[in-house]
file final14.txt (compact mmCIF, C-alpha atoms and all ligand atoms)
# COMPACT_ATOMS: atom_id res chain seq x y z
CA LYS Q 176 3.64 25.55 -12.36
CA LEU Q 177 4.71 28.04 -9.72
CA SER Q 178 3.04 26.14 -6.94
CA ILE Q 179 4.59 22.88 -8.11
CA GLN Q 180 8.05 24.45 -8.01
CA ILE Q 181 7.43 25.76 -4.51
CA ILE Q 182 6.28 22.36 -3.35
CA SER Q 183 9.25 20.66 -4.92
CA LYS Q 184 11.60 23.04 -3.10
CA GLN Q 185 9.97 22.04 0.13
CA VAL Q 186 10.28 18.41 -0.76
CA LYS Q 187 13.87 18.89 -1.77
CA SER Q 188 14.74 20.51 1.53
CA ILE Q 189 12.72 17.98 3.54
CA LEU Q 190 14.52 15.13 1.85
CA GLY Q 191 17.90 16.79 1.63
CA LEU Q 192 17.99 15.87 -2.05
CA ALA Q 193 20.49 17.33 -4.45
CA PRO Q 194 18.72 19.06 -7.37
CA VAL Q 195 19.98 16.40 -9.86
CA CYS Q 196 17.43 16.50 -12.66
CA GLY Q 197 14.39 17.18 -10.50
CA PHE Q 198 13.72 20.82 -11.35
CA GLN Q 199 14.55 20.34 -15.01
CA SER Q 200 12.14 17.48 -15.39
CA LEU Q 201 9.57 19.16 -13.25
CA ALA Q 202 9.44 21.97 -15.78
CA VAL Q 203 8.89 19.37 -18.50
CA LEU Q 204 6.22 17.76 -16.42
CA SER Q 205 4.36 20.93 -15.67
CA ARG Q 206 4.36 21.94 -19.33
CA GLY Q 207 3.62 18.53 -20.76
CA VAL Q 208 1.06 17.24 -18.32
CA SER Q 209 -1.40 20.00 -17.69
CA PHE Q 210 -4.35 17.62 -17.25
CA SER Q 211 -5.69 15.47 -14.53
CA PRO Q 212 -8.00 12.46 -14.78
CA ARG Q 213 -9.90 14.27 -12.02
CA GLN Q 214 -10.41 17.23 -14.39
CA VAL Q 215 -10.34 16.02 -18.01
CA ALA Q 216 -13.16 16.01 -20.53
CA SER Q 217 -14.45 12.51 -21.07
CA ASP Q 218 -13.36 12.38 -24.73
CA ALA Q 219 -9.79 13.52 -24.17
CA SER Q 220 -6.82 11.27 -24.89
CA PHE Q 221 -3.28 11.67 -23.55
CA HIS Q 222 0.13 10.13 -23.52
CA SER Q 223 2.59 10.32 -20.63
CA VAL Q 224 5.66 12.45 -20.89
CA SER Q 225 8.70 10.38 -21.78
CA PHE Q 226 12.14 10.95 -20.29
CA SER Q 227 15.67 10.50 -21.44
CA GLU Q 228 16.84 7.04 -20.34
CA SER Q 229 20.18 8.51 -19.28
CA ASP Q 230 18.48 10.45 -16.46
CA HIS Q 231 18.31 8.64 -13.16
CA PRO Q 232 14.68 8.17 -12.22
CA ARG Q 233 13.48 9.12 -8.77
CA VAL Q 234 11.54 6.42 -7.04
CA LEU Q 235 9.03 6.72 -4.24
CA ILE Q 236 8.17 3.48 -2.42
CA THR Q 237 4.94 3.83 -0.49
CA GLY Q 238 4.11 1.40 2.32
CA GLY Q 239 7.85 0.86 2.16
CA LEU Q 240 8.42 -0.65 5.59
CA GLY Q 241 6.63 -3.88 4.70
CA GLN Q 242 8.07 -7.15 3.50
CA LEU Q 243 8.88 -5.95 -0.01
CA GLY Q 244 9.76 -2.27 0.38
CA VAL Q 245 13.00 -2.30 2.36
CA GLY Q 246 14.69 -4.88 0.12
CA LEU Q 247 13.45 -3.10 -2.96
CA ALA Q 248 14.88 0.22 -1.76
CA LYS Q 249 18.26 -1.42 -1.19
CA LEU Q 250 18.27 -2.86 -4.70
CA LEU Q 251 17.10 0.34 -6.43
CA ARG Q 252 19.51 2.55 -4.47
CA LYS Q 253 22.40 0.48 -5.84
CA GLN Q 254 21.07 1.13 -9.35
CA PHE Q 255 19.83 4.74 -9.15
CA GLY Q 256 21.76 6.18 -6.20
CA LYS Q 257 20.88 6.47 -2.53
CA TYR Q 258 19.06 9.82 -2.74
CA ASN Q 259 16.96 8.89 -5.77
CA VAL Q 260 14.99 6.27 -3.86
CA ILE Q 261 12.64 7.51 -1.14
CA LEU Q 262 11.01 5.12 1.30
CA SER Q 263 7.72 6.21 2.87
CA ASP Q 264 5.27 4.68 5.31
CA ILE Q 265 3.01 5.59 8.22
CA ARG Q 266 5.12 3.61 10.69
CA LYS Q 267 8.40 4.51 12.38
CA PRO Q 268 11.36 2.93 10.59
CA ARG Q 269 13.99 0.93 12.44
CA ALA Q 270 17.28 2.82 12.93
CA HIS Q 271 19.23 1.01 10.21
CA VAL Q 272 16.43 1.65 7.67
CA TYR Q 273 16.23 5.34 8.63
CA GLN Q 274 20.00 5.68 8.22
CA SER Q 275 20.14 3.84 4.91
CA GLY Q 276 18.60 6.66 2.80
CA PRO Q 277 15.72 9.16 2.55
CA PHE Q 278 12.62 8.24 4.54
CA ILE Q 279 9.44 10.30 4.91
CA PHE Q 280 6.05 9.89 6.53
CA SER Q 281 3.36 9.51 3.90
CA ASP Q 282 -0.21 8.33 4.32
CA ILE Q 283 -1.28 7.03 0.96
CA LEU Q 284 -4.87 8.06 1.70
CA ASP Q 285 -3.84 11.74 1.81
CA TYR Q 286 -4.09 12.78 -1.85
CA LYS Q 287 -2.71 16.29 -1.41
CA ASN Q 288 0.29 15.12 0.56
CA LEU Q 289 0.95 12.44 -2.04
CA CYS Q 290 0.89 15.07 -4.81
CA GLU Q 291 3.36 17.18 -2.87
CA ILE Q 292 5.76 14.31 -2.53
CA VAL Q 293 5.63 12.83 -6.01
CA VAL Q 294 5.89 15.92 -8.19
CA ASN Q 295 9.61 15.48 -8.66
CA ASN Q 296 9.72 11.70 -8.99
CA ARG Q 297 9.73 9.81 -12.27
CA ILE Q 298 8.55 6.40 -11.15
CA LEU Q 299 6.05 5.87 -8.44
CA PHE Q 300 6.44 2.37 -7.09
CA SER Q 301 3.30 1.71 -5.24
CA ASN Q 302 3.89 -0.91 -2.62
CA PHE Q 303 1.19 -0.24 -0.06
CA ALA Q 304 -1.43 -2.76 0.87
CA LEU Q 305 -2.72 -4.77 3.69
CA LEU Q 306 -2.43 -8.50 3.13
CA SER Q 307 -5.19 -11.04 2.66
CA ALA Q 308 -5.98 -12.34 6.15
CA VAL Q 309 -5.72 -8.89 7.77
CA GLU Q 310 -8.03 -7.44 5.11
CA GLU Q 311 -10.72 -10.05 5.63
CA ALA Q 312 -10.76 -8.97 9.27
CA ASN Q 313 -11.37 -5.30 8.37
CA VAL Q 314 -13.10 -4.83 5.03
CA SER Q 315 -13.66 -1.11 5.43
CA LEU Q 316 -9.96 -0.44 6.13
CA ALA Q 317 -9.07 -2.75 3.26
CA ARG Q 318 -11.30 -0.74 0.92
CA ASP Q 319 -9.64 2.50 2.00
CA VAL Q 320 -6.08 1.28 1.79
CA ASN Q 321 -6.29 -0.91 -1.31
CA ILE Q 322 -8.95 0.85 -3.39
CA THR Q 323 -9.10 4.55 -2.41
CA GLU Q 324 -5.32 4.81 -2.34
CA MET Q 325 -5.13 3.07 -5.71
CA HIS Q 326 -7.29 5.83 -7.17
CA ASN Q 327 -5.07 8.45 -5.52
CA VAL Q 328 -1.92 6.90 -6.88
CA LEU Q 329 -3.35 6.43 -10.39
CA ASP Q 330 -4.44 10.06 -10.56
CA VAL Q 331 -1.19 11.44 -9.19
CA ALA Q 332 0.86 9.24 -11.53
CA THR Q 333 -1.23 10.21 -14.57
CA GLU Q 334 -1.35 13.89 -13.72
CA HIS Q 335 2.41 14.13 -13.27
CA GLY Q 336 3.48 11.72 -16.03
CA LEU Q 337 5.00 9.18 -13.63
CA ARG Q 338 5.54 5.53 -14.34
CA LEU Q 339 3.61 3.31 -11.99
CA PHE Q 340 4.26 -0.22 -10.78
CA ILE Q 341 1.71 -2.01 -8.64
CA PRO Q 342 2.40 -5.48 -7.32
CA SER Q 343 -0.50 -7.90 -7.72
CA THR Q 344 -0.79 -11.39 -6.32
CA ILE Q 345 -2.02 -14.97 -6.69
CA GLY Q 346 -4.85 -13.60 -4.51
CA ALA Q 347 -6.27 -11.91 -7.63
CA PHE Q 348 -7.61 -15.35 -8.61
CA GLY Q 349 -10.50 -17.21 -6.99
CA PRO Q 350 -12.23 -20.57 -6.74
CA MET Q 351 -13.56 -20.36 -10.31
CA SER Q 352 -10.06 -19.83 -11.76
CA PRO Q 353 -8.17 -22.91 -12.92
CA ARG Q 354 -5.88 -23.67 -9.96
CA ASN Q 355 -3.41 -26.16 -11.37
CA PRO Q 356 -1.96 -24.44 -13.32
CA THR Q 357 -3.29 -20.85 -13.31
CA PRO Q 358 -2.46 -19.03 -16.58
CA ASP Q 359 -2.00 -15.24 -17.06
CA LEU Q 360 -5.42 -14.83 -18.62
CA CYS Q 361 -8.38 -16.69 -17.18
CA ILE Q 362 -11.51 -16.04 -15.16
CA GLN Q 363 -10.78 -13.98 -12.03
CA ARG Q 364 -13.52 -14.04 -9.41
CA PRO Q 365 -11.69 -13.72 -6.06
CA ARG Q 366 -13.79 -14.03 -2.91
CA THR Q 367 -11.55 -11.86 -0.70
CA ILE Q 368 -11.56 -8.07 -0.49
CA TYR Q 369 -7.79 -8.30 -1.03
CA GLY Q 370 -8.30 -10.14 -4.33
CA VAL Q 371 -11.17 -7.91 -5.44
CA SER Q 372 -9.05 -4.80 -4.82
CA LYS Q 373 -6.14 -6.31 -6.77
CA VAL Q 374 -8.29 -7.19 -9.79
CA HIS Q 375 -9.62 -3.64 -9.58
CA ALA Q 376 -6.05 -2.31 -9.54
CA GLU Q 377 -5.02 -4.45 -12.52
CA LEU Q 378 -8.03 -3.32 -14.58
CA MET Q 379 -7.82 0.35 -13.56
CA GLY Q 380 -4.10 0.41 -14.40
CA GLU Q 381 -4.74 -1.10 -17.82
CA TYR Q 382 -7.65 1.29 -18.39
CA TYR Q 383 -5.49 4.31 -17.50
CA HIS Q 384 -2.79 3.00 -19.81
CA HIS Q 385 -5.22 2.79 -22.76
CA ARG Q 386 -7.16 5.93 -21.86
CA TYR Q 387 -4.41 8.32 -20.68
CA GLY Q 388 -1.19 6.61 -21.77
CA LEU Q 389 -0.08 5.92 -18.19
CA ASP Q 390 3.00 3.70 -18.12
CA PHE Q 391 1.53 1.11 -15.78
CA ARG Q 392 3.10 -2.22 -14.93
CA CYS Q 393 1.96 -5.01 -12.71
CA LEU Q 394 3.31 -8.43 -11.79
CA ARG Q 395 1.33 -11.08 -9.97
CA TYR Q 396 3.49 -12.48 -7.21
CA PRO Q 397 3.18 -15.76 -5.34
CA GLY Q 398 3.80 -15.79 -1.56
CA ILE Q 399 7.07 -13.94 -0.91
CA ILE Q 400 9.51 -15.30 1.65
CA SER Q 401 12.06 -12.97 3.23
CA ALA Q 402 14.10 -12.94 6.39
CA ASP Q 403 14.68 -9.27 7.19
CA SER Q 404 11.08 -8.22 7.90
CA GLN Q 405 8.21 -9.62 9.88
CA PRO Q 406 5.23 -11.31 8.16
CA GLY Q 407 2.43 -8.76 7.57
CA GLY Q 408 -0.81 -10.80 7.96
CA GLY Q 409 -0.93 -12.80 4.74
CA THR Q 410 -2.17 -16.33 4.06
CA THR Q 411 1.26 -17.42 2.82
CA ASP Q 412 3.01 -15.91 5.85
CA TYR Q 413 3.22 -19.27 7.63
CA ALA Q 414 6.11 -20.00 5.26
CA VAL Q 415 8.03 -17.03 6.76
CA GLN Q 416 7.04 -17.52 10.40
CA ILE Q 417 8.09 -21.18 10.42
CA PHE Q 418 11.75 -20.20 9.95
CA HIS Q 419 11.69 -17.72 12.87
CA ASP Q 420 9.99 -20.22 15.18
CA ALA Q 421 12.12 -23.16 14.03
CA VAL Q 422 15.30 -21.28 14.91
CA LYS Q 423 14.03 -19.63 18.13
CA THR Q 424 12.00 -22.34 19.84
CA GLY Q 425 11.88 -25.39 17.58
CA ASN Q 426 8.06 -25.30 17.78
CA PHE Q 427 5.66 -23.97 15.16
CA VAL Q 428 1.88 -23.92 14.93
CA CYS Q 429 0.74 -23.85 11.31
CA ASN Q 430 -2.59 -22.18 10.45
CA LEU Q 431 -3.02 -24.02 7.13
CA ARG Q 432 -3.71 -27.70 6.49
CA PRO Q 433 -0.52 -29.71 5.94
CA ASP Q 434 -1.45 -30.49 2.31
CA THR Q 435 -2.21 -26.90 1.18
CA ARG Q 436 -0.12 -26.32 -1.94
CA LEU Q 437 0.64 -22.66 -2.82
CA PRO Q 438 3.16 -20.99 -5.16
CA MET Q 439 6.05 -19.26 -3.37
CA MET Q 440 9.15 -17.21 -4.12
CA PHE Q 441 12.26 -15.99 -2.27
CA ILE Q 442 12.47 -12.18 -2.00
CA ASP Q 443 15.65 -11.87 -4.11
CA ASP Q 444 13.91 -13.48 -7.07
CA CYS Q 445 10.90 -11.21 -6.52
CA LEU Q 446 13.03 -8.04 -6.64
CA ARG Q 447 14.92 -9.09 -9.78
CA VAL Q 448 11.83 -9.01 -12.03
CA LEU Q 449 10.62 -5.48 -11.41
CA SER Q 450 11.30 -3.99 -14.84
CA MET Q 451 8.84 -6.27 -16.67
CA ARG Q 452 5.14 -5.87 -17.58
CA THR Q 453 1.98 -7.73 -16.49
CA TYR Q 454 2.76 -11.42 -16.09
CA ASN Q 455 2.30 -14.24 -13.63
CA ILE Q 456 5.65 -15.02 -12.06
CA SER Q 457 6.54 -17.94 -9.87
CA ALA Q 458 9.46 -19.90 -8.53
CA MET Q 459 8.41 -22.94 -6.51
CA GLY Q 460 5.39 -24.50 -4.83
CA PHE Q 461 5.09 -26.53 -1.64
CA THR Q 462 2.71 -27.56 1.11
CA PRO Q 463 3.29 -26.86 4.84
CA GLU Q 464 4.08 -30.55 5.29
CA GLU Q 465 6.73 -30.55 2.56
CA LEU Q 466 8.29 -27.37 3.97
CA GLU Q 467 8.31 -28.86 7.47
CA GLN Q 468 10.04 -32.03 6.24
CA GLU Q 469 12.70 -30.07 4.36
CA ILE Q 470 13.44 -27.79 7.34
CA ARG Q 471 13.66 -30.85 9.60
CA ARG Q 472 16.58 -32.11 7.51
CA HIS Q 473 18.51 -29.14 8.99
CA LEU Q 474 16.74 -28.88 12.37
CA PRO Q 475 15.75 -32.47 13.25
CA ASP Q 476 14.04 -31.44 16.55
CA LEU Q 477 11.50 -29.14 14.89
CA GLN Q 478 7.93 -29.81 16.09
CA VAL Q 479 5.01 -28.56 14.00
CA ALA Q 480 1.36 -28.62 15.08
CA TYR Q 481 -1.53 -27.90 12.72
CA GLU Q 482 -4.35 -25.67 14.00
CA THR Q 483 -6.16 -24.68 10.85
CA ASP Q 484 -7.51 -21.12 10.73
CA PRO Q 485 -10.78 -21.35 8.71
CA VAL Q 486 -10.37 -17.85 7.19
CA ARG Q 487 -6.84 -18.42 5.94
CA GLN Q 488 -7.65 -21.97 4.84
CA ALA Q 489 -10.65 -20.83 2.78
CA ILE Q 490 -8.47 -18.19 1.12
CA ALA Q 491 -5.67 -20.66 0.38
CA ASP Q 492 -8.16 -23.19 -1.03
CA SER Q 493 -9.31 -20.60 -3.57
CA TRP Q 494 -5.80 -19.56 -4.70
CA PRO Q 495 -3.65 -21.09 -7.46
CA MET Q 496 -1.81 -24.25 -6.47
CA VAL Q 497 0.54 -24.00 -9.42
CA PHE Q 498 1.16 -20.62 -11.01
CA ASP Q 499 1.77 -20.86 -14.75
CA ASP Q 500 4.56 -18.37 -15.53
CA SER Q 501 5.53 -20.00 -18.85
CA ASN Q 502 4.79 -16.76 -20.76
CA ALA Q 503 7.23 -14.81 -18.58
CA ARG Q 504 9.79 -17.57 -19.04
CA SER Q 505 9.46 -17.74 -22.82
CA ASP Q 506 8.79 -14.03 -23.59
CA TRP Q 507 11.56 -12.43 -21.58
CA GLY Q 508 13.53 -15.32 -20.12
CA TRP Q 509 12.29 -15.14 -16.52
CA LYS Q 510 14.16 -17.76 -14.48
CA HIS Q 511 14.16 -18.10 -10.71
CA ASN Q 512 17.40 -18.63 -8.77
CA TYR Q 513 15.93 -20.00 -5.53
CA GLY Q 514 14.25 -23.42 -5.41
CA LEU Q 515 13.18 -25.05 -2.12
CA PRO Q 516 16.67 -26.27 -0.99
CA GLU Q 517 18.28 -22.87 -1.72
CA LEU Q 518 15.39 -21.06 0.02
CA ILE Q 519 15.72 -23.15 3.17
CA GLN Q 520 19.50 -22.80 3.36
CA THR Q 521 19.30 -19.01 2.89
CA MET Q 522 16.41 -18.46 5.32
CA LEU Q 523 18.03 -20.57 8.03
CA ASN Q 524 21.32 -18.72 7.59
CA PHE Q 525 19.54 -15.34 7.92
CA THR Q 526 17.15 -16.17 10.72
CA GLY Q 527 19.80 -18.20 12.58
CA SER Q 528 22.36 -15.39 12.53
CA ASN Q 529 19.73 -12.73 13.42
CA PHE Q 530 18.63 -14.86 16.38
CA ARG Q 531 22.21 -15.42 17.56
CA MET Q 532 22.83 -11.66 17.31
CA LEU Q 533 19.67 -10.86 19.33
CA ARG Q 534 20.65 -13.40 22.00
CA ALA Q 535 24.18 -11.98 22.25
CA ASN Q 536 22.86 -8.39 22.78
N1 LIG Q 601 4.33 -10.31 0.71
C1 LIG Q 601 3.81 -11.11 -0.24
O1 LIG Q 601 3.88 -12.35 -0.17
C2 LIG Q 601 3.15 -10.50 -1.44
C3 LIG Q 601 2.91 -9.14 -1.53
N2 LIG Q 601 2.27 -8.63 -2.64
C4 LIG Q 601 1.96 -7.21 -2.73
O2 LIG Q 601 3.14 -6.44 -2.50
C5 LIG Q 601 2.81 -5.24 -1.82
C6 LIG Q 601 3.62 -5.10 -0.57
O3 LIG Q 601 3.38 -6.20 0.27
P1 LIG Q 601 4.18 -6.38 1.65
O4 LIG Q 601 5.41 -5.55 1.65
O5 LIG Q 601 4.28 -7.84 1.86
O6 LIG Q 601 3.09 -5.79 2.67
P2 LIG Q 601 3.25 -5.56 4.23
O7 LIG Q 601 1.92 -5.83 4.84
O8 LIG Q 601 4.44 -6.28 4.76
O9 LIG Q 601 3.54 -3.99 4.32
C7 LIG Q 601 2.58 -3.01 3.95
C8 LIG Q 601 3.07 -1.65 4.48
O10 LIG Q 601 2.06 -0.66 4.15
C9 LIG Q 601 2.00 0.26 5.20
N3 LIG Q 601 0.70 0.96 5.16
C10 LIG Q 601 -0.49 0.53 5.60
N4 LIG Q 601 -1.42 1.51 5.45
C11 LIG Q 601 -0.78 2.57 4.89
C12 LIG Q 601 -1.17 3.88 4.51
N5 LIG Q 601 -2.42 4.31 4.68
N6 LIG Q 601 -0.25 4.72 3.98
C13 LIG Q 601 1.03 4.30 3.81
N7 LIG Q 601 1.47 3.08 4.16
C14 LIG Q 601 0.58 2.23 4.70
C15 LIG Q 601 2.19 -0.58 6.46
O11 LIG Q 601 2.63 0.23 7.53
C16 LIG Q 601 3.25 -1.61 5.99
O12 LIG Q 601 4.56 -1.19 6.31
C17 LIG Q 601 1.31 -5.29 -1.57
O13 LIG Q 601 0.65 -4.56 -2.57
C18 LIG Q 601 0.97 -6.76 -1.68
O14 LIG Q 601 -0.35 -6.96 -2.07
C19 LIG Q 601 1.86 -9.43 -3.67
C20 LIG Q 601 2.06 -10.78 -3.62
C21 LIG Q 601 2.76 -11.41 -2.53
C1 LIG Q 602 0.30 -14.00 -1.60
C2 LIG Q 602 -0.05 -12.69 -1.01
O1 LIG Q 602 -0.52 -11.83 -1.70
C3 LIG Q 602 0.21 -12.44 0.43
N1 LIG Q 602 1.42 -13.02 0.88
C4 LIG Q 602 -0.93 -12.98 1.28
O2 LIG Q 602 -0.83 -14.16 1.66
O3 LIG Q 602 -1.90 -12.25 1.51

call {"tool": "encode", "arguments": {"input": "final14.txt", "output": "structure tokens"}}
result
Amino acid sequence: KLSIQIISKQVKSILGLAPVCGFQSLAVLSRGVSFSPRQVASDASFHSVSFSESDHPRVLITGGLGQLGVGLAKLLRKQFGKYNVILSDIRKPRAHVYQSGPFIFSDILDYKNLCEIVVNNRILFSNFALLSAVEEANVSLARDVNITEMHNVLDVATEHGLRLFIPSTIGAFGPMSPRNPTPDLCIQRPRTIYGVSKVHAELMGEYYHHRYGLDFRCLRYPGIISADSQPGGGTTDYAVQIFHDAVKTGNFVCNLRPDTRLPMMFIDDCLRVLSMRTYNISAMGFTPEELEQEIRRHLPDLQVAYETDPVRQAIADSWPMVFDDSNARSDWGWKHNYGLPELIQTMLNFTGSNFRMLRAN
């Protein structure tokens, strides 16, 4: 307990955080959760510590400088307060991100450092990952980042009674899964290391929930489209890059076949659903050709060439074409706000004004 309090003081001073409820809850944590899945007897059974809902949770977003993290931090800071949401990554943040709230360096592979940081947080939102195409190019790195870190995060979250959210993906399905539509529960035999690590994460999270009472949640996202961050090496990233290239040069080279249908979602819809449990969620689906035609209604001079990348194409051909999110829609009323026309209008507004700003500077 003593060492946890000392660490949390360091964290508090590093982050410049007001004490809020951190020390209070830390005491509860250190009394209530004196076990670790790295230490427990195999027949033990535990439940996580529960907290008063009136307390503001502290949130740590790991891998937070990627496509999802920055937008998520903005949303959660509105809800929980600026200093209760900590972004972390191993990259240097851009100035406006650094100034927008607490940011710390954190390598998710460093278990001890992770423990130090999370001891006074209630939710650990785990956002790290490399994306599908990048992972296929470096399986060993993918294993470290998506599997070893998952074990680290599970253990830290269980040991300290944190709630844990891990985003999963359409990539958790494979060629043997029904692809049109893909339901919540069906055979999952992905052929990518990305998919294998995500199925592992889903199953480990559920196992820790049943075994140790960890409050684990997981949503399977389609390809996410956002304007304020660069694509991170995913198979669905063509649908982000096309907007940047359409606005900047009017030319785009697509690395998927024109008829490759995949489920997609605008980032704002993706961030709205974070409080729910394990479900498929989706918004729209399109092929590169359909996207190209719709963008051309706004930018008639757009030229698109197709130079299919065999790695990405093989991945896309094994992923769901239509993601069945009817359970999410009927169980808790999930409803997307952005269809294809709204997505295109919003992305062109964002990328167009960013580009004009860059050109003016
Ligand atoms: N972007 C998408 O379309 C979708 C994303 N997801 C999931 O959402 C999560 C976040 O995805 P994105 O933000 O798109 O990823 P991204 O690739 O844009 O960002 C990942 C971030 O993790 C950081 N990172 C890498 N190694 C790290 C390490 N050792 N320690 C700490 N940080 C490290 C990188 O610097 C990067 O900022 C992932 O788990 C991904 O699988 C799921 C479905 C769709
Ligand atoms: C759908 C995803 O998980 C991601 N965007 C990728 O293409 O790898």

call {"tool": "residues_around", "arguments": {"input": "final14.txt", "residues": "stretch 432-441 of chain Q", "least_positions_apart": "2", "cutoff": "6 Å", "atoms": "only C-alpha atoms", "output": "list in words"}}
result
Pro397, Gly398, Ile399, Ile400, Asp443, Asp444, Ala458, Met459, Gly460, Phe461, Thr462, Pro463, Glu464, Thr483, Met496 and Val497 of chain Q

call {"tool": "atom_distance", "arguments": {"input": "final14.txt", "atom1": "atom CA of Q:Ile265", "atom2": "atom C17 of ligand LIG 601 (chain Q)"}}
result
14.7 Å

call {"tool": "residues_near_ligand", "arguments": {"input": "final14.txt", "ligand": "ligand LIG 601 (chain Q)", "cutoff": "6 Å", "atoms": "only C-alpha atoms and all ligand atoms", "output": "list in words"}}
result
Thr237, Gly238, Gly239, Leu240, Gly241, Gln242, Leu243, Gly244, Asp264, Ile265, Arg266, Ser281, Asp282, Ile283, Leu284, Asn302, Phe303, Ala304, Leu305, Leu306, Val320, Pro342, Ser343, Thr344, Tyr396, Pro397, Gly398, Ile399 and Gly407 of chain Q

call {"tool": "axis_aligned_box", "arguments": {"input": "final14.txt", "around": "ligand LIG 602 (chain Q)", "padding_each_side": "4 Å", "output": "lines of an AutoDock Vina configuration file"}}
result
center_x = -0.2
center_y = -13.0
center_z = 0.0
size_x = 11.3
size_y = 10.3
size_z = 11.4

call {"tool": "closest_residue", "arguments": {"input": "final14.txt", "among": "Q:Ile292, Q:Leu394, Q:Met522, Q:Val260", "to": "ligand LIG 602 (chain Q)", "atoms": "only C-alpha atoms and all ligand atoms"}}
result
Q:Leu394

call {"tool": "residues_around", "arguments": {"input": "final14.txt", "residues": "Q:Arg472", "least_positions_apart": "6", "cutoff": "12 Å", "atoms": "all atoms listed in the file", "output": "count of residues only"}}
result
7

call {"tool": "residues_around", "arguments": {"input": "final14.txt", "residues": "stretch 363-378 of chain Q", "least_positions_apart": "2", "cutoff": "8 Å", "atoms": "all atoms listed in the file", "output": "ChimeraX atom specification"}}
result
/Q:305-307,310-311,314,317-318,321-322,325,341,343-344,346-352,361,380-382,393,490,493

call {"tool": "write_last_selection", "arguments": {"input": "final14.txt", "atoms": "C-alpha atoms", "output": "mmCIF file, keeping the file's coordinate frame"}}
result
data_model
loop_
_atom_site.group_PDB
_atom_site.id
_atom_site.type_symbol
_atom_site.label_atom_id
_atom_site.label_comp_id
_atom_site.auth_asym_id
_atom_site.auth_seq_id
_atom_site.Cartn_x
_atom_site.Cartn_y
_atom_site.Cartn_z
ATOM 1 C CA LEU Q 305 -2.720 -4.770 3.690
ATOM 2 C CA LEU Q 306 -2.430 -8.500 3.130
ATOM 3 C CA SER Q 307 -5.190 -11.040 2.660
ATOM 4 C CA GLU Q 310 -8.030 -7.440 5.110
ATOM 5 C CA GLU Q 311 -10.720 -10.050 5.630
ATOM 6 C CA VAL Q 314 -13.100 -4.830 5.030
ATOM 7 C CA ALA Q 317 -9.070 -2.750 3.260
ATOM 8 C CA ARG Q 318 -11.300 -0.740 0.920
ATOM 9 C CA ASN Q 321 -6.290 -0.910 -1.310
ATOM 10 C CA ILE Q 322 -8.950 0.850 -3.390
ATOM 11 C CA MET Q 325 -5.130 3.070 -5.710
ATOM 12 C CA ILE Q 341 1.710 -2.010 -8.640
ATOM 13 C CA SER Q 343 -0.500 -7.900 -7.720
ATOM 14 C CA THR Q 344 -0.790 -11.390 -6.320
ATOM 15 C CA GLY Q 346 -4.850 -13.600 -4.510
ATOM 16 C CA ALA Q 347 -6.270 -11.910 -7.630
ATOM 17 C CA PHE Q 348 -7.610 -15.350 -8.610
ATOM 18 C CA GLY Q 349 -10.500 -17.210 -6.990
ATOM 19 C CA PRO Q 350 -12.230 -20.570 -6.740
ATOM 20 C CA MET Q 351 -13.560 -20.360 -10.310
ATOM 21 C CA SER Q 352 -10.060 -19.830 -11.760
ATOM 22 C CA CYS Q 361 -8.380 -16.690 -17.180
ATOM 23 C CA GLY Q 380 -4.100 0.410 -14.400
ATOM 24 C CA GLU Q 381 -4.740 -1.100 -17.820
ATOM 25 C CA TYR Q 382 -7.650 1.290 -18.390
ATOM 26 C CA CYS Q 393 1.960 -5.010 -12.710
ATOM 27 C CA ILE Q 490 -8.470 -18.190 1.120
ATOM 28 C CA SER Q 493 -9.310 -20.600 -3.570
#

call {"tool": "closest_residue", "arguments": {"input": "final14.txt", "among": "Q:Trp509, Q:Tyr258, Q:Tyr383, Q:Phe280", "to": "Q:Arg447", "atoms": "only C-alpha atoms"}}
result
Q:Trp509

call {"tool": "atom_distance", "arguments": {"input": "final14.txt", "atom1": "atom CA of Q:Ala480", "atom2": "atom CA of Q:Glu517"}}
result
24.5 Å

call {"tool": "closest_residue", "arguments": {"input": "final14.txt", "among": "Q:Ile442, Q:Ile456, Q:Leu518, Q:Met379", "to": "Q:Thr323", "atoms": "all atoms listed in the file"}}
result
Q:Met379

call {"tool": "closest_residue", "arguments": {"input": "final14.txt", "among": "Q:Pro406, Q:Pro358, Q:Pro353, Q:Gly388", "to": "ligand LIG 602 (chain Q)", "atoms": "all atoms listed in the file"}}
result
Q:Pro406

call {"tool": "atom_distance", "arguments": {"input": "final14.txt", "atom1": "atom CA of Q:Tyr286", "atom2": "atom CA of Q:Asn327"}}
result
5.8 Å

call {"tool": "closest_residue", "arguments": {"input": "final14.txt", "among": "Q:Glu482, Q:Asp285, Q:Asp330, Q:Asp412", "to": "ligand LIG 602 (chain Q)", "atoms": "all atoms listed in the file"}}
result
Q:Asp412

call {"tool": "closest_residue", "arguments": {"input": "final14.txt", "among": "Q:Leu316, Q:Thr424, Q:Asn430, Q:Val309", "to": "ligand LIG 602 (chain Q)", "atoms": "all atoms listed in the file"}}
result
Q:Val309

call {"tool": "residues_around", "arguments": {"input": "final14.txt", "residues": "Q:Arg487", "least_positions_apart": "4", "cutoff": "9 Å", "atoms": "only C-alpha atoms", "output": "list in words"}}
result
Ser307, Ala308, Gly409, Thr410, Thr411, Asn430, Leu431, Thr483, Ala491 and Asp492 of chain Q

call {"tool": "decode", "arguments": {"input": "final14.txt", "residues": "stretch 469-475 of chain Q", "atoms": "C-alpha atoms", "output": "mmCIF file, in the first residue's frame"}}
result
data_model
loop_
_atom_site.group_PDB
_atom_site.id
_atom_site.type_symbol
_atom_site.label_atom_id
_atom_site.label_comp_id
_atom_site.auth_asym_id
_atom_site.auth_seq_id
_atom_site.Cartn_x
_atom_site.Cartn_y
_atom_site.Cartn_z
ATOM 1 C CA GLU Q 469 -19.866 9.719 -54.460
ATOM 2 C CA ILE Q 470 -16.789 11.925 -53.901
ATOM 3 C CA ARG Q 471 -16.761 12.792 -57.606
ATOM 4 C CA ARG Q 472 -20.213 14.355 -57.200
ATOM 5 C CA HIS Q 473 -18.405 17.032 -55.125
ATOM 6 C CA LEU Q 474 -14.996 16.965 -56.862
ATOM 7 C CA PRO Q 475 -15.760 16.098 -60.512
#
